[in-house]
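Here is the file work_5.cif (mmCIF, C-alpha atoms and all ligand atoms; chains and numbers go by the auth columns).
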```cif
data_protein
#
loop_
_atom_site.group_PDB
_atom_site.id
_atom_site.type_symbol
_atom_site.label_atom_id
_atom_site.label_comp_id
_atom_site.label_asym_id
_atom_site.label_seq_id
_atom_site.Cartn_x
_atom_site.Cartn_y
_atom_site.Cartn_z
_atom_site.B_iso_or_equiv
_atom_site.auth_seq_id
_atom_site.auth_asym_id
ATOM 1 C CA MET A 1 -1.921 4.251 -0.259 0.00 1 A
ATOM 2 C CA ASP A 2 -4.106 4.266 -3.346 0.00 2 A
ATOM 3 C CA ILE A 3 -2.749 4.552 -6.870 0.00 3 A
ATOM 4 C CA ASN A 4 -3.281 8.330 -7.025 0.00 4 A
ATOM 5 C CA GLN A 5 -1.101 8.816 -3.977 0.00 5 A
ATOM 6 C CA TYR A 6 1.698 6.815 -5.606 0.00 6 A
ATOM 7 C CA LYS A 7 1.245 8.893 -8.732 0.00 7 A
ATOM 8 C CA GLN A 8 1.380 12.122 -6.720 0.00 8 A
ATOM 9 C CA THR A 9 4.545 10.946 -4.945 0.00 9 A
ATOM 10 C CA LEU A 10 6.135 10.072 -8.289 0.00 10 A
ATOM 11 C CA LEU A 11 5.189 13.409 -9.851 0.00 11 A
ATOM 12 C CA GLU A 12 6.751 15.240 -6.903 0.00 12 A
ATOM 13 C CA LEU A 13 9.887 13.104 -7.182 0.00 13 A
ATOM 14 C CA LYS A 14 10.010 13.789 -10.910 0.00 14 A
ATOM 15 C CA ASP A 15 9.942 17.557 -10.310 0.00 15 A
ATOM 16 C CA GLU A 16 12.618 17.243 -7.664 0.00 16 A
ATOM 17 C CA VAL A 17 14.935 15.130 -9.822 0.00 17 A
ATOM 18 C CA SER A 18 14.345 17.312 -12.923 0.00 18 A
ATOM 19 C CA GLY A 19 15.230 20.360 -10.840 0.00 19 A
ATOM 20 C CA ARG A 20 18.388 18.643 -9.629 0.00 20 A
ATOM 21 C CA ILE A 21 19.415 17.771 -13.200 0.00 21 A
ATOM 22 C CA ASN A 22 18.881 21.373 -14.341 0.00 22 A
ATOM 23 C CA ALA A 23 20.940 22.691 -11.444 0.00 23 A
ATOM 24 C CA ILE A 24 23.768 20.249 -12.252 0.00 24 A
ATOM 25 C CA ASP A 25 23.655 21.259 -15.935 0.00 25 A
ATOM 26 C CA ARG A 26 23.941 24.907 -14.967 0.00 26 A
ATOM 27 C CA ASP A 27 26.912 24.117 -12.707 0.00 27 A
ATOM 28 C CA ILE A 28 28.685 22.147 -15.420 0.00 28 A
ATOM 29 C CA ARG A 29 28.240 24.985 -17.918 0.00 29 A
ATOM 30 C CA HIS A 30 29.897 27.335 -15.380 0.00 30 A
ATOM 31 C CA GLU A 31 27.819 30.376 -15.693 0.00 31 A
ATOM 32 C CA GLY A 32 30.176 32.977 -14.276 0.00 32 A
ATOM 33 C CA MET A 33 33.399 30.989 -14.904 0.00 33 A
ATOM 34 C CA SER A 34 36.281 31.987 -12.648 0.00 34 A
ATOM 35 C CA ALA A 35 39.450 33.370 -14.238 0.00 35 A
ATOM 36 C CA ASP A 36 41.847 31.918 -11.680 0.00 36 A
ATOM 37 C CA TRP A 37 43.736 28.880 -13.030 0.00 37 A
ATOM 38 C CA SER A 38 43.844 26.863 -9.785 0.00 38 A
ATOM 39 C CA GLU A 39 40.161 27.435 -9.319 0.00 39 A
ATOM 40 C CA GLN A 40 39.562 26.131 -12.821 0.00 40 A
ATOM 41 C CA ALA A 41 41.460 22.947 -11.956 0.00 41 A
ATOM 42 C CA SER A 42 39.323 22.303 -8.934 0.00 42 A
ATOM 43 C CA GLU A 43 36.253 23.098 -11.001 0.00 43 A
ATOM 44 C CA ARG A 44 37.238 20.335 -13.407 0.00 44 A
ATOM 45 C CA GLU A 45 37.452 17.850 -10.544 0.00 45 A
ATOM 46 C CA ASN A 46 34.119 19.095 -9.370 0.00 46 A
ATOM 47 C CA ASP A 47 32.713 18.532 -12.874 0.00 47 A
ATOM 48 C CA GLU A 48 33.467 14.821 -12.681 0.00 48 A
ATOM 49 C CA VAL A 49 31.556 14.557 -9.429 0.00 49 A
ATOM 50 C CA LEU A 50 28.709 16.558 -10.929 0.00 50 A
ATOM 51 C CA GLU A 51 28.620 14.398 -14.028 0.00 51 A
ATOM 52 C CA SER A 52 28.314 11.150 -12.114 0.00 52 A
ATOM 53 C CA LEU A 53 25.666 12.773 -9.949 0.00 53 A
ATOM 54 C CA GLY A 54 23.936 13.909 -13.141 0.00 54 A
ATOM 55 C CA ASN A 55 24.048 10.412 -14.607 0.00 55 A
ATOM 56 C CA SER A 56 22.506 8.788 -11.558 0.00 56 A
ATOM 57 C CA SER A 57 19.834 11.486 -11.508 0.00 57 A
ATOM 58 C CA GLU A 58 19.060 10.824 -15.197 0.00 58 A
ATOM 59 C CA GLN A 59 18.750 7.146 -14.365 0.00 59 A
ATOM 60 C CA GLU A 60 16.435 7.930 -11.481 0.00 60 A
ATOM 61 C CA LEU A 61 14.337 10.176 -13.715 0.00 61 A
ATOM 62 C CA ALA A 62 14.029 7.398 -16.303 0.00 62 A
ATOM 63 C CA MET A 63 12.807 4.998 -13.602 0.00 63 A
ATOM 64 C CA ILE A 64 10.274 7.548 -12.346 0.00 64 A
ATOM 65 C CA LYS A 65 8.952 8.090 -15.878 0.00 65 A
ATOM 66 C CA PHE A 66 8.707 4.347 -16.398 0.00 66 A
ATOM 67 C CA ALA A 67 6.774 3.974 -13.124 0.00 67 A
ATOM 68 C CA LEU A 68 4.326 6.704 -14.212 0.00 68 A
ATOM 69 C CA HIS A 69 3.914 4.903 -17.513 0.00 69 A
ATOM 70 C CA ARG A 70 3.198 1.701 -15.597 0.00 70 A
ATOM 71 C CA ILE A 71 0.521 3.498 -13.566 0.00 71 A
ATOM 72 C CA ASP A 72 -1.155 4.656 -16.806 0.00 72 A
ATOM 73 C CA ASN A 73 -0.970 1.122 -18.153 0.00 73 A
ATOM 74 C CA GLY A 74 -2.505 -0.285 -14.971 0.00 74 A
ATOM 75 C CA ASN A 75 0.403 -2.628 -14.211 0.00 75 A
ATOM 76 C CA TYR A 76 2.155 -0.528 -11.586 0.00 76 A
ATOM 77 C CA PHE A 77 1.633 -3.140 -8.876 0.00 77 A
ATOM 78 C CA GLN A 78 3.075 -5.943 -10.979 0.00 78 A
ATOM 79 C CA CYS A 79 6.722 -6.895 -11.221 0.00 79 A
ATOM 80 C CA ASP A 80 8.079 -6.048 -14.654 0.00 80 A
ATOM 81 C CA SER A 81 10.079 -9.300 -14.759 0.00 81 A
ATOM 82 C CA CYS A 82 7.982 -12.065 -13.224 0.00 82 A
ATOM 83 C CA GLY A 83 4.502 -10.477 -13.126 0.00 83 A
ATOM 84 C CA GLU A 84 4.053 -11.142 -9.402 0.00 84 A
ATOM 85 C CA ASP A 85 2.522 -8.432 -7.213 0.00 85 A
ATOM 86 C CA ILE A 86 4.997 -5.959 -5.766 0.00 86 A
ATOM 87 C CA PRO A 87 4.181 -5.529 -2.045 0.00 87 A
ATOM 88 C CA PRO A 88 2.741 -2.036 -1.309 0.00 88 A
ATOM 89 C CA ALA A 89 5.293 -1.577 1.487 0.00 89 A
ATOM 90 C CA ARG A 90 8.067 -1.875 -1.093 0.00 90 A
ATOM 91 C CA LEU A 91 6.401 0.662 -3.385 0.00 91 A
ATOM 92 C CA GLU A 92 5.967 3.098 -0.522 0.00 92 A
ATOM 93 C CA LEU A 93 9.692 2.867 0.113 0.00 93 A
ATOM 94 C CA LEU A 94 10.750 2.820 -3.554 0.00 94 A
ATOM 95 C CA PRO A 95 7.842 4.258 -5.562 0.00 95 A
ATOM 96 C CA PHE A 96 9.803 4.077 -8.815 0.00 96 A
ATOM 97 C CA THR A 97 10.746 0.411 -8.599 0.00 97 A
ATOM 98 C CA ALA A 98 9.453 -1.868 -11.360 0.00 98 A
ATOM 99 C CA HIS A 99 10.490 -5.126 -9.715 0.00 99 A
ATOM 100 C CA CYS A 100 9.642 -7.332 -6.761 0.00 100 A
ATOM 101 C CA VAL A 101 12.375 -7.959 -4.188 0.00 101 A
ATOM 102 C CA ASN A 102 13.406 -11.301 -5.739 0.00 102 A
ATOM 103 C CA CYS A 103 13.843 -9.912 -9.243 0.00 103 A
ATOM 104 C CA ALA A 104 15.490 -6.707 -8.006 0.00 104 A
ATOM 105 C CA GLU A 105 18.104 -8.840 -6.249 0.00 105 A
ATOM 106 C CA LYS A 106 18.707 -10.837 -9.413 0.00 106 A
ATOM 107 C CA ILE A 107 19.201 -7.795 -11.617 0.00 107 A
ATOM 108 C CA GLU A 108 20.812 -5.726 -8.848 0.00 108 A
ATOM 109 C CA GLU A 109 18.522 -2.781 -9.259 0.00 109 A
HETATM 110 ZN ZN ZN B . 9.590 -10.267 -9.899 0.00 201 A
#
```

Step by step, read the file and then write its structure as C-alpha cells.
Amino acid sequence: MDINQYKQTLLELKDEVSGRINAIDRDIRHEGMSADWSEQASERENDEVLESLGNSSEQELAMIKFALHRIDNGNYFQCDSCGEDIPPARLELLPFTAHCVNCAEKIEE
C-alpha cells in the first residue's frame, strides 16, 4: 500500500470511531429516558459499559489522529520510540500504531 492508501484507511477509521463516540454520547444522555425505575437501574449499569466503551474509542481516536499527524510529518513509517522502520504488514493490520513490534511489546500498546 502507498501512503495515500494508509491515509484513506485512517480517515475512514476516524469517521467510524467518531460516529461510534457520538452514538455512545447520545445513549449516555438518554434521549427518551424511561420512567420505569427498574429500567433506570439497568440503564445505569449499561452506562458503565458504555462509558468504558467510550473511553477506549476516545483512545483509539487519539491514536488515529496521531497517525494522521505522523503521515503529514512524513514519519509514519518510523517507530515513535526507537526510530526503526515499522514493517508495512504491521501497519496494514494496525494502521494507527506508532510503534514497531519490539517497542509496542515494551510499552504494552
Ligand atoms: Zn521501536

Target residues per the PyMOL selection byres (((chain A and resi 88-96) around 12) and not hetatm), formatted as a short mmCIF file (atom, residue, chain, number, x, y, z; two decimals) with C-alpha atoms, keeping the file's coordinate frame:
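In the end it all went to expr35.cif:
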```
data_model
loop_
_atom_site.label_atom_id
_atom_site.label_comp_id
_atom_site.auth_asym_id
_atom_site.auth_seq_id
_atom_site.Cartn_x
_atom_site.Cartn_y
_atom_site.Cartn_z
CA MET A 1 -1.92 4.25 -0.26
CA ASP A 2 -4.11 4.27 -3.35
CA ILE A 3 -2.75 4.55 -6.87
CA ASN A 4 -3.28 8.33 -7.02
CA GLN A 5 -1.10 8.82 -3.98
CA TYR A 6 1.70 6.82 -5.61
CA LYS A 7 1.25 8.89 -8.73
CA GLN A 8 1.38 12.12 -6.72
CA THR A 9 4.54 10.95 -4.94
CA LEU A 10 6.14 10.07 -8.29
CA LEU A 11 5.19 13.41 -9.85
CA GLU A 12 6.75 15.24 -6.90
CA LEU A 13 9.89 13.10 -7.18
CA LYS A 14 10.01 13.79 -10.91
CA GLN A 59 18.75 7.15 -14.36
CA GLU A 60 16.43 7.93 -11.48
CA LEU A 61 14.34 10.18 -13.72
CA ALA A 62 14.03 7.40 -16.30
CA MET A 63 12.81 5.00 -13.60
CA ILE A 64 10.27 7.55 -12.35
CA LYS A 65 8.95 8.09 -15.88
CA PHE A 66 8.71 4.35 -16.40
CA ALA A 67 6.77 3.97 -13.12
CA LEU A 68 4.33 6.70 -14.21
CA HIS A 69 3.91 4.90 -17.51
CA ARG A 70 3.20 1.70 -15.60
CA ILE A 71 0.52 3.50 -13.57
CA TYR A 76 2.15 -0.53 -11.59
CA PHE A 77 1.63 -3.14 -8.88
CA GLN A 78 3.08 -5.94 -10.98
CA CYS A 79 6.72 -6.90 -11.22
CA ASP A 80 8.08 -6.05 -14.65
CA ASP A 85 2.52 -8.43 -7.21
CA ILE A 86 5.00 -5.96 -5.77
CA PRO A 87 4.18 -5.53 -2.04
CA THR A 97 10.75 0.41 -8.60
CA ALA A 98 9.45 -1.87 -11.36
CA HIS A 99 10.49 -5.13 -9.72
CA CYS A 100 9.64 -7.33 -6.76
CA VAL A 101 12.38 -7.96 -4.19
CA ASN A 102 13.41 -11.30 -5.74
CA ALA A 104 15.49 -6.71 -8.01
CA GLU A 109 18.52 -2.78 -9.26
#
```

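Distances from A:Ile28, A:Cys82, A:Val17, A:Cys103 to Glu45 (chain A) were compared using all atoms listed in the file, and the smallest one belongs to A:Ile28.
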
- Which of A:Asp72, A:Glu84, A:Glu43, A:Glu58 sits closest to Arg20 (chain A) [using only C-alpha atoms]: A:Glu58

- Task: For CA of Ala41 (chain A) and CA of Asn55 (chain A), quote the distance in Å rounded to one decimal.
- Result: 21.6 Å

- Expected selection from the PyMOL selection byres (((chain A and resi 21-27) around 9) and not hetatm), given as a PyMOL selection string: chain A and resi 16-20+28-31+47+50-51+53-55+57-58

Extending 6 Å beyond the listed atoms of region 57-62 of chain A on each side, what axis-aligned box results? I want centre and edge lengths in Å to one decimal, as lines of an AutoDock Vina configuration file.
```
center_x = 16.9
center_y = 9.3
center_z = -13.9
size_x = 17.8
size_y = 16.3
size_z = 16.8
```

- Query: Which value, in Å to one decimal, gives the distance between CA of Asn73 (chain A) and atom ZN of ligand ZN 201 (chain A)?
  - Reply: 17.6 Å

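Taking CA of Ser38 (chain A) and CA of Ser56 (chain A) as the two end points, the separation is 28.0 Å.
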
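Residue nearest ligand ZN 201 (chain A), chosen from A:Asn46, A:Asp15, A:Gln40, A:Ser81 and counting all atoms listed in the file: A:Ser81.
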